[in-house]
Protein chains: 2
Amino acid sequence: MNDAEQTRQNILTAAADEIHQHGFKATSLSVILNRCEISKGALYHHFTSKIELGYAVFEEIYTPMFLDLWQSALSVEDPVEGLCTFFTSMTEQMSCSEVVCGCPLNNLCEEMANVDEGFRLRILSMQEQLNQLIVDALEQINDDLRDGLALSQVSYFIVATLNGATTLSKSSRNKELFQQVIAELCLYIRALKK
Amino acid sequence: MNDAEQTRQNILTAAADEIHQHGFKATSLSVILNRCEISKGALYHHFTSKIELGYAVFEEIYTPMFLDLWQSALSVEDPVEGLCTFFTSMTEQMSCSEVVCGCPLNNLCEEMANVDEGFRLRILSMQEQLNQLIVDALEQINDDLRDGLALSQVSYFIVATLNGATTLSKSSRNKELFQQVIAELCLYIRALKK
DNA sequence: CTTGCAACATACCATGCGGTCGGTTATTAT
DNA sequence: ATAATAACCGACCGCATGGTATGTTGCAAG
């Protein structure tokens with residue numbers, strides 16, 4: 001990686017962290033500049049505007065990190081158990097910043113979906129990708145599942161609950177509530193089986 | 001209500017709407033002043049700062065509106081069915097602004113819980129009140145429910161899912177996803193019974 | 001009638017923001 | 001070697017923000 005690409009990556013990772021911590025609007029470009037020890041000219045050489053930087057963070061940092069996580073959780077023999085262990089390990093490995101700051105994508109959705117169409121469409125696309133991921137995984141064990149399940153609906157339900165759980169843990173500022181919701185979610189997921 | 005109290009109420013309702021639409025930080029005091037056709041002096045006569053205005057909106061507008069809604073949904077013979085009809089009617093009566101802007105309390109939680117302790121504690125307190133409301137209602141039909149249910153956990157699960165559903169509908173900008181999650185949630189709730 | 005305070009109005013301030021622009025250095029192609 | 005361009009610097013700009021200080025009006029008690 002040459003120097004230019006390196007500074008671009010530095011900007012992206014710093015911006016990703018700042019946006020995660022403070023949201024997009026409240027993220028100050030000057031803070032990013034300080035963290036990267038670069039000038040404003042450097043930033044605007046790589047990104048045409050703040051919002052384009054935001055899009056790049058979304059597409060190049062958040063999205064792959066997110067989808068890879070879910071993909072690996074679902075790429076097991078039994079995706080139902082895969083999801084449950086995924087969720088449970090989240091409650092254990094959850095760092096303090098994640099308890100406090102929540103999921104970056106969920107945050108961005110809350111903040112920007114109804115304000116900026118570019119963000120909204122990106123979020124929407126990602127949610128559909130994620131939903132497809134889950135549906136595909138569940139369909140592979142369709143024979144073990146109860147009859148009459150609306151798998152897409154089930155998938156959205158799971159994701160919605162998970163997002164709601166992170167939001168809940170943000171206000172309570174402890175893992176306990178999150179763990180409770182996750183425990184109940186695992187009960188629900190396992191009950192999908194016959 | 002005298003004139004002073006009337007202007008105070010005007011400020012509160014205008015602020016509540018603006019905060020609902022744009023979030024707390026992005027809400028501009030000058031917009032509120034224009035909507036109410038008052039001066040900045042008037043606002044700062046009634047509220048010492050922007051954040052105190054935010055607290056007042058939370059306590060005097062959002063909280064009672066919210067708790068009353070849930071209370072009336074749960075104050076029926078069968079709270080399980082009460083919740084289901086409550087949720088279902090939400091999907092039908094949901095105005096465009098609610099689809100786009102989401103739940104005011106959920107929004108505030110997302111935006112302010114990890115930034116301002118005053119907001120966080122107020123949100124937390126309200127969530128605990130709401131949880132107690134649901135738990136109390138479910139306990140009254142405990143005999144009809146399955147054994148071994150952790151009612152507090154169940155209650156948090158329901159609230160988390162509902163919040164996640166509104167967030168989902170924000171990014172998709174249509175009711176369909178919301179309705180799907182709600183439909184699945186109703187299945188879950190009804191399955192709490194024996 | 002006047003005194004006093006509540007209920008406003010208006011002008012102003014410091015600050016931080018995203019963004020621009022002319023200039024400079026480093027790299028690369030010819 | 002030189003020309004061209006990428007990569008970067010840093011001063012500056014307009015603007016909107018939350019907040020303050022001073023001034024004005026109107027009502028109500030004494």
# chains A, B, ... in the order shown; residues from 1 in each chain; ligands from 1
call {"tool": "interface_residues", "arguments": {"of": "chain B", "to": "chain A", "cutoff": "6 Å", "atoms": "only C-alpha atoms", "output": "compact mmCIF listing (two decimals) with C-alpha atoms, in the first residue's frame"}}
result
# COMPACT_ATOMS: atom_id res chain seq x y z
CA VAL B 100 -40.18 8.26 8.62
CA ALA B 113 -28.29 8.02 25.95
CA ASN B 114 -24.53 7.76 25.55
CA ARG B 120 -29.97 8.58 29.83
CA LEU B 124 -33.81 4.41 31.75
CA GLN B 153 -37.17 -10.79 30.24
CA PHE B 157 -37.89 -8.63 24.60
CA ALA B 160 -36.80 -4.25 22.15
CA THR B 161 -38.43 -5.91 19.17
CA ASN B 163 -38.16 -0.54 18.82
CA GLY B 164 -36.18 -2.53 16.33
CA ALA B 165 -39.23 -2.72 14.10
CA SER B 171 -34.78 2.86 6.65
CA SER B 172 -37.15 0.95 4.41
CA GLN B 180 -44.00 -8.25 9.17
CA VAL B 181 -42.02 -7.88 12.36
call {"tool": "interface_residues", "arguments": {"of": "chain A", "to": "chain C", "cutoff": "10 Å", "atoms": "only C-alpha atoms (C1' of nucleotides)", "output": "number ranges by chain"}}
result
A: 26, 28-30, 40-41, 44, 48-50
call {"tool": "interface_residues", "arguments": {"of": "chain D", "to": "chain B", "cutoff": "9 Å", "atoms": "only C-alpha atoms (C1' of nucleotides)", "output": "list in words"}}
result
DT17, DG18 and DG19 of chain D
call {"tool": "residues_around", "arguments": {"residues": "Asp143 (chain A)", "least_positions_apart": "4", "cutoff": "9 Å", "atoms": "only C-alpha atoms (C1' of nucleotides)", "output": "number ranges by chain"}}
result
A: 139, 147, 193-194
call {"tool": "closest_residue", "arguments": {"among": "A:Ile19, A:Ala14, A:Ala191, A:Leu138", "to": "Cys36 (chain A)", "atoms": "only C-alpha atoms"}}
result
A:Ala14
call {"tool": "residues_around", "arguments": {"residues": "region 75-91 of chain A", "least_positions_apart": "2", "cutoff": "7 Å", "atoms": "only C-alpha atoms (C1' of nucleotides)", "output": "VMD selection string"}}
result
chain A and resid 71 to 73 93 to 94 137 to 138 175 179 182 186 189 to 190
call {"tool": "write_last_selection", "arguments": {"atoms": "N, CA, C and O atoms", "output": "PDB file, in the first residue's frame"}}
result
ATOM      1  N   GLN A  71     -22.007 -13.687   8.165  1.00  0.00           N
ATOM      2  CA  GLN A  71     -21.721 -14.803   7.264  1.00  0.00           C
ATOM      3  C   GLN A  71     -21.050 -15.946   8.014  1.00  0.00           C
ATOM      4  O   GLN A  71     -21.453 -17.106   7.903  1.00  0.00           O
ATOM      5  N   SER A  72     -20.056 -15.597   8.809  1.00  0.00           N
ATOM      6  CA  SER A  72     -19.325 -16.642   9.518  1.00  0.00           C
ATOM      7  C   SER A  72     -20.197 -17.294  10.589  1.00  0.00           C
ATOM      8  O   SER A  72     -20.028 -18.473  10.912  1.00  0.00           O
ATOM      9  N   ALA A  73     -21.122 -16.507  11.132  1.00  0.00           N
ATOM     10  CA  ALA A  73     -22.024 -17.087  12.139  1.00  0.00           C
ATOM     11  C   ALA A  73     -22.986 -18.079  11.504  1.00  0.00           C
ATOM     12  O   ALA A  73     -23.405 -19.060  12.135  1.00  0.00           O
ATOM     13  N   GLN A  93     -18.315 -10.975  24.655  1.00  0.00           N
ATOM     14  CA  GLN A  93     -17.180 -10.218  24.140  1.00  0.00           C
ATOM     15  C   GLN A  93     -17.462  -8.730  24.019  1.00  0.00           C
ATOM     16  O   GLN A  93     -16.560  -7.951  23.706  1.00  0.00           O
ATOM     17  N   MET A  94     -18.688  -8.370  24.272  1.00  0.00           N
ATOM     18  CA  MET A  94     -19.083  -6.979  24.077  1.00  0.00           C
ATOM     19  C   MET A  94     -18.164  -6.045  24.844  1.00  0.00           C
ATOM     20  O   MET A  94     -18.092  -6.075  26.061  1.00  0.00           O
ATOM     21  N   ALA A 137     -29.629 -19.265   4.780  1.00  0.00           N
ATOM     22  CA  ALA A 137     -29.114 -20.222   5.761  1.00  0.00           C
ATOM     23  C   ALA A 137     -30.228 -21.053   6.362  1.00  0.00           C
ATOM     24  O   ALA A 137     -30.089 -22.273   6.542  1.00  0.00           O
ATOM     25  N   LEU A 138     -31.344 -20.407   6.652  1.00  0.00           N
ATOM     26  CA  LEU A 138     -32.462 -21.138   7.266  1.00  0.00           C
ATOM     27  C   LEU A 138     -33.094 -22.113   6.268  1.00  0.00           C
ATOM     28  O   LEU A 138     -33.535 -23.201   6.651  1.00  0.00           O
ATOM     29  N   LYS A 175     -24.754  -4.731  30.456  1.00  0.00           N
ATOM     30  CA  LYS A 175     -25.001  -5.830  29.535  1.00  0.00           C
ATOM     31  C   LYS A 175     -26.238  -6.640  29.901  1.00  0.00           C
ATOM     32  O   LYS A 175     -26.749  -7.411  29.092  1.00  0.00           O
ATOM     33  N   GLN A 179     -28.355  -9.084  27.582  1.00  0.00           N
ATOM     34  CA  GLN A 179     -28.291 -10.538  27.722  1.00  0.00           C
ATOM     35  C   GLN A 179     -29.669 -11.162  27.877  1.00  0.00           C
ATOM     36  O   GLN A 179     -29.949 -12.242  27.343  1.00  0.00           O
ATOM     37  N   ILE A 182     -31.339 -11.212  24.527  1.00  0.00           N
ATOM     38  CA  ILE A 182     -30.686 -12.219  23.701  1.00  0.00           C
ATOM     39  C   ILE A 182     -31.103 -13.629  24.137  1.00  0.00           C
ATOM     40  O   ILE A 182     -31.363 -14.504  23.296  1.00  0.00           O
ATOM     41  N   CYS A 186     -32.867 -16.284  21.727  1.00  0.00           N
ATOM     42  CA  CYS A 186     -32.383 -17.636  21.448  1.00  0.00           C
ATOM     43  C   CYS A 186     -33.494 -18.661  21.680  1.00  0.00           C
ATOM     44  O   CYS A 186     -33.606 -19.644  20.927  1.00  0.00           O
ATOM     45  N   ILE A 189     -35.563 -18.478  18.621  1.00  0.00           N
ATOM     46  CA  ILE A 189     -34.919 -19.058  17.434  1.00  0.00           C
ATOM     47  C   ILE A 189     -34.928 -20.581  17.500  1.00  0.00           C
ATOM     48  O   ILE A 189     -35.241 -21.266  16.516  1.00  0.00           O
ATOM     49  N   ARG A 190     -34.598 -21.108  18.658  1.00  0.00           N
ATOM     50  CA  ARG A 190     -34.563 -22.577  18.784  1.00  0.00           C
ATOM     51  C   ARG A 190     -35.951 -23.171  18.630  1.00  0.00           C
ATOM     52  O   ARG A 190     -36.100 -24.322  18.187  1.00  0.00           O
TER      53      ARG A 190
END
call {"tool": "select_by_dssp", "arguments": {"residues": "chain B", "states": "alpha helix (DSSP H)", "output": "number ranges by chain"}}
result
B: 3-22, 29-36, 40-46, 50-57, 63-74, 79-93, 96-101, 104-112, 117-139, 151-172, 175-190
call {"tool": "atom_distance", "arguments": {"atom1": "CA of Glu176 (chain A)", "atom2": "CA of Leu105 (chain B)"}}
result
20.8 Å
